[in-house]
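Okay, so here's the structure we're looking at.
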Amino acid sequence: MRKEASLPIRLDTELSQRLNRAAERLGLTKSGLIRILIKSFVDQLEANGGKITFPLRWQEHQPKVPSSPLRFVAETRAKYGGKGGQR
């Protein structure tokens with residue numbers, strides 16, 4: 001499959017190293033692992049009518065900000081000057 005789009009992401013050093021180790025264990029590149037994870041996420045979201053079930057422990061990685069449970073890991077587009085704003 002030809003890859004035509006690029007998606008730069010920002011990771012802290014520790015998470016980047018962990019991702020690299022996970023990809024190596026699976027015999028993949030970091031990009032390959034990220035593509036698998038994104039496809040899996042989008043497939044599940046589409047199959048479930050726009051609803052998604054996150055892993056049970058995902059909340060352990062979030063700040064104690066009740067209004068935005070994903071802001072720490074997944075910033076809004078507005079934070080980086082993109083279109084769409086905060087939701």
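Going by the structure tokens order, chains are called A, B, ..., each with residues numbered from 1, while ligands are numbered from 1 in the order shown.
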* Which neighbours of region 31-46 of chain A fall inside 9 Å, counting only C-alpha atoms, when residues of the same chain fewer than 6 positions from it are skipped, and could you give them as a list in words? -> Leu19, Ala22, Ala23, Ile52 and Thr53 of chain A
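As for CA of Phe54 (chain A) and CA of Leu15 (chain A), they are spaced 18.2 Å apart.
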